[in-house]
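Reading through the structure tokens given below for one structure.
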Amino acid sequence: MNAAHSRTAKPHIDWTAMRNFAALRGQLRISLTPVCNIACWFCHNEADTPPPLTRRDRSRRPRARHYTAEDFLTVISALMAAGLKRTYFTGGEPLTSPLARDVLTNLAPSGPDASYTLITNGTRVRANRSWLKLAPLDKVKVSLHYFSDETLQAIAGTRLGIASVLDGIEAAREMFDRVELNCLLQKENAHEIHSILDYALAQRLPVQFIELVDTDFNQELAPSAVPADGVIAHLRTLTRDEHIEVAGVGQGRRVFRIDGIEIDVIHRDLGRHHVGQCGTCPVRSKCVEGFWALRADHAGGLQPCFVAG
């Protein structure tokens, strides 16, 4: 090898750890923006300053955006080529991002063993339908933490009505084959959990119930967290089809099936799972989820979790 070639040769990178992480169902989370049109009190905003804090204190601002759509596409392509197979688009509300259209409609095909998932509050799906239907998304996951205008107001601090969320779910179903729901368990919606489950079953939509993850942003309201035991007990009255999945990253989950519809419950009683550099992480004792995602954000940051962020 001559000197000129040695100066331009790319360094060898060993992606074994990345491939192992992907095999354990590790995922890539792309935060297109920290901005959201609602302000759920529990929002961790992928470790950026969440909307509720920004509303209360205008001096606390999210990180400035540095990435372009091309930057996002480059990162996604490189990390998926290196081994990651599951990419989730988050925020904030990703559909408030001025980059959302250019990123989502210019994604390379995900491939047979990979997937792209949009996580949204649903309120802007219909308004973006003209271009969103062109995006090669494999799944849309809509947050449904409420089932009335009153609960939506209590949790998200918005004047928008629940009809806008339900219409967003319907709009997503018109465009994509796979639409799922997720619901964070909390005192504010405890009286509506059965209604949310009944809605999911009636609409034949998979739903995931999630226990609250404590962060520095929501500690003052941590007592609002509700354990999953109640919903698990209720599900056991509806079906005997239950099994446990522990992938090796993040938290384990209980999986129920009712008339072919999958209901997941993220249950902390199944433990948390730490891989890779988690073993030497100085804040491991505070960790409640384990390392299950690489997070890339609009500011050009890449971090393994929002606890270490």
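By convention here, the chains of the structure tokens are called A, B, ... in the order presented, each chain's residues are numbered starting at 1, and ligands are numbered starting at 1 in the order presented.
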**OP:** Find the residues around Asp167 (chain A) up to 9 Å (only C-alpha atoms counted), leave out those fewer than 3 positions away in its own chain, and share them as a list in words.
**Re:**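 Close residues of Asp167 (chain A): Gly122, Thr123, Val125, Arg126, Ile162, Ala163, Ser164, Glu170, Ala171 and Ala172 of chain A.
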Which region 172-223 of chain A residues have any atom within 12 Å of an atom of region 150-157 of chain A, and for each, what is the nearest pair of atoms with distance in Å to one decimal, counting only C-alpha atoms, rows sorted by chain and number, as a tab-separated table?
```
residue	atom	partner	partner_atom	distance
A:Cys183	CA	A:Ile155	CA	11.9
A:Leu184	CA	A:Ile155	CA	10.6
A:Leu185	CA	A:Ile155	CA	11.4
A:Gln186	CA	A:Ile155	CA	9.4
A:Lys187	CA	A:Ile155	CA	10.0
A:Glu188	CA	A:Thr151	CA	6.7
A:Asn189	CA	A:Thr151	CA	6.5
A:Ala190	CA	A:Thr151	CA	10.0
A:His191	CA	A:Thr151	CA	9.6
A:Glu192	CA	A:Thr151	CA	8.7
A:Ile193	CA	A:Thr151	CA	11.4
A:Leu221	CA	A:Ile155	CA	11.4
```
Subject >> Shortest interatomic distance to Pro136 (chain A) - which of A:Asn121, A:Thr105, A:Ser195, A:Thr158, counting only C-alpha atoms >> reply: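 Between A:Asn121, A:Thr105, A:Ser195, A:Thr158, the residue approaching Pro136 (chain A) most closely is A:Thr105.
Nearest-residue note for Glu180 (chain A): choosing from A:Ala247, A:Ile232, A:Ala296, A:Leu144, the minimum distance belongs to A:Leu144, counting only C-alpha atoms.
Across the structure, CA of Leu118 (chain A) and CA of Pro206 (chain A) are spaced 15.0 Å apart.
Near Ile119 (chain A), within 10 Å and counting only C-alpha atoms, sit Arg29, Tyr88, Phe89, Thr90, Gly91, Gly92, Glu93, Pro94, Leu95, Lys139, Val140, Lys141, Val142, Ser143, Glu180, Leu181 and Asn182 of chain A; same-chain residues fewer than 6 positions away were not included.
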Keeping only C-alpha atoms, write the selected residues as a compact mmCIF listing (two decimals), in the first residue's frame.
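Final output, again.txt:
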```txt
# COMPACT_ATOMS: atom_id res chain seq x y z
CA ARG A 29 -34.99 6.13 17.54
CA TYR A 88 -38.69 4.57 15.02
CA PHE A 89 -39.45 8.22 14.21
CA THR A 90 -40.29 10.22 17.31
CA GLY A 91 -40.23 13.72 18.75
CA GLY A 92 -41.78 15.81 20.21
CA GLU A 93 -44.47 15.21 17.65
CA PRO A 94 -42.58 14.19 14.50
CA LEU A 95 -45.27 15.59 12.20
CA LYS A 139 -46.12 0.81 10.92
CA VAL A 140 -47.76 3.82 12.56
CA LYS A 141 -48.02 3.79 16.34
CA VAL A 142 -50.49 6.27 17.85
CA SER A 143 -50.34 7.32 21.50
CA GLU A 180 -50.92 0.13 16.69
CA LEU A 181 -51.75 2.00 19.89
CA ASN A 182 -49.75 2.67 23.03
```
**OP:** Determine, counting only C-alpha atoms, which protein, DNA and RNA residues have an atom within 9 Å of an atom of Glu245 (chain A); residues of the same chain fewer than 2 positions away are not included. Present the result as a PyMOL selection string.
**Re:** chain A and resi 243+247+252-255
**OP:** Choose the residue, out of A:Ala228, A:Ile76, A:Cys36, A:Ala135, that has the smallest atom-to-atom separation from Ser97 (chain A); count only C-alpha atoms.
**Re:**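 Smallest distance to Ser97 (chain A) is found for A:Cys36.
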**OP:** Pick out the closest residue to Ile244 (chain A) from this set: A:Leu28, A:Ile261, A:Asp269, A:Glu211. Count only C-alpha atoms.
**Re:**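 Of all the options, A:Asp269 lies closest to Ile244 (chain A).
Nearest-residue note for Ala202 (chain A): choosing from A:Asp259, A:His234, A:His44, A:Arg159, the minimum distance belongs to A:Asp259, counting only C-alpha atoms.
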Subject >> Atom-to-atom span, CA of Val265 (chain A) and CA of Ile210 (chain A), Å >> reply: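 Between CA of Val265 (chain A) and CA of Ile210 (chain A) the gap is 6.0 Å.
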Original post:
What lies within 12 Å of Pro112 (chain A) using only C-alpha atoms, ignoring chain neighbours under 5 positions off, as a list in words?
Top reply: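 The neighbour list is Lys85, Arg86 and Asp138 of chain A.
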**OP:** Excluding region 66-74 of chain A and any residue of its chain fewer than 3 positions from it, enumerate the residues within 9 Å of it, using only C-alpha atoms, and give them as a ChimeraX atom specification.
**Re:** /A:30,32,77-79,99-104,106-108,296-300
Restricting it to N, CA and C atoms, dump the selection as a short mmCIF file (atom, residue, chain, number, x, y, z; two decimals), in the first residue's frame.
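Saved as selection_3.cif:
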```
data_model
loop_
_atom_site.label_atom_id
_atom_site.label_comp_id
_atom_site.auth_asym_id
_atom_site.auth_seq_id
_atom_site.Cartn_x
_atom_site.Cartn_y
_atom_site.Cartn_z
N ILE A 30 -35.18 7.98 15.99
CA ILE A 30 -34.83 9.24 15.34
C ILE A 30 -35.80 10.31 15.82
N LEU A 32 -37.09 13.62 15.28
CA LEU A 32 -37.09 14.63 14.22
C LEU A 32 -37.19 16.04 14.77
N SER A 77 -29.37 5.47 7.14
CA SER A 77 -28.81 4.52 6.18
C SER A 77 -27.57 3.83 6.73
N ALA A 78 -26.69 4.61 7.36
CA ALA A 78 -25.43 4.05 7.87
C ALA A 78 -25.67 3.08 9.01
N LEU A 79 -26.55 3.43 9.96
CA LEU A 79 -26.77 2.57 11.10
C LEU A 79 -27.56 1.32 10.74
N LEU A 99 -38.85 18.99 8.66
CA LEU A 99 -38.06 18.00 7.93
C LEU A 99 -38.80 16.68 7.73
N ALA A 100 -39.95 16.53 8.37
CA ALA A 100 -40.63 15.23 8.37
C ALA A 100 -40.91 14.73 6.95
N ARG A 101 -41.44 15.58 6.12
CA ARG A 101 -41.79 15.14 4.76
C ARG A 101 -40.57 14.68 3.99
N ASP A 102 -39.50 15.47 4.02
CA ASP A 102 -38.31 15.12 3.23
C ASP A 102 -37.62 13.87 3.77
N VAL A 103 -37.67 13.69 5.08
CA VAL A 103 -37.04 12.48 5.64
C VAL A 103 -37.89 11.26 5.35
N LEU A 104 -39.16 11.31 5.70
CA LEU A 104 -39.99 10.11 5.63
C LEU A 104 -40.30 9.65 4.21
N ASN A 106 -38.26 10.02 1.66
CA ASN A 106 -37.03 9.68 0.94
C ASN A 106 -36.25 8.53 1.58
N LEU A 107 -36.91 7.81 2.46
CA LEU A 107 -36.28 6.64 3.07
C LEU A 107 -36.05 5.55 2.03
N ALA A 108 -34.91 4.89 2.13
CA ALA A 108 -34.68 3.72 1.30
C ALA A 108 -35.60 2.61 1.77
N ALA A 296 -30.90 9.19 18.04
CA ALA A 296 -30.29 10.26 17.26
C ALA A 296 -31.28 11.42 17.20
N ASP A 297 -30.78 12.64 17.44
CA ASP A 297 -31.72 13.76 17.49
C ASP A 297 -31.38 14.85 16.49
N HIS A 298 -32.24 15.84 16.44
CA HIS A 298 -32.17 16.94 15.49
C HIS A 298 -30.93 17.80 15.69
N ALA A 299 -30.33 17.72 16.88
CA ALA A 299 -29.14 18.52 17.18
C ALA A 299 -27.85 17.80 16.79
N GLY A 300 -27.97 16.60 16.27
CA GLY A 300 -26.78 15.84 15.87
C GLY A 300 -26.23 14.96 16.96
#
```
Subject >> Residue among A:Ile266, A:Ile196, A:Ala127, A:Leu212 lying closest to Tyr146 (chain A), counting only C-alpha atoms >> reply: A:Ile196
**OP:** Would you mind writing down, as a VMD selection string, each residue of region 113-233 of chain A that DSSP on the backbone assigns to strand (DSSP E)?
**Re:** chain A and resid 115 to 120 139 to 143 179 to 184 207 to 210
Output the selection as a compact mmCIF listing (two decimals), in the first residue's frame - C-alpha atoms for each residue.
```txt
# COMPACT_ATOMS: atom_id res chain seq x y z
CA SER A 115 -39.02 -1.78 9.58
CA TYR A 116 -39.80 1.92 9.84
CA THR A 117 -42.31 3.03 12.48
CA LEU A 118 -43.80 6.50 13.00
CA ILE A 119 -44.78 7.28 16.60
CA THR A 120 -47.34 10.10 16.69
CA LYS A 139 -46.12 0.81 10.92
CA VAL A 140 -47.76 3.82 12.56
CA LYS A 141 -48.02 3.79 16.34
CA VAL A 142 -50.49 6.27 17.85
CA SER A 143 -50.34 7.32 21.50
CA VAL A 179 -51.46 0.66 12.96
CA GLU A 180 -50.92 0.13 16.69
CA LEU A 181 -51.75 2.00 19.89
CA ASN A 182 -49.75 2.67 23.03
CA CYS A 183 -51.05 3.81 26.40
CA LEU A 184 -49.10 4.93 29.46
CA VAL A 207 -52.24 -2.03 21.87
CA GLN A 208 -49.36 -1.75 24.32
CA PHE A 209 -49.85 -0.69 27.94
CA ILE A 210 -46.72 0.82 29.49
```
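Across the structure, CA of Thr87 (chain A) and CA of Gln27 (chain A) are spaced 6.0 Å apart.
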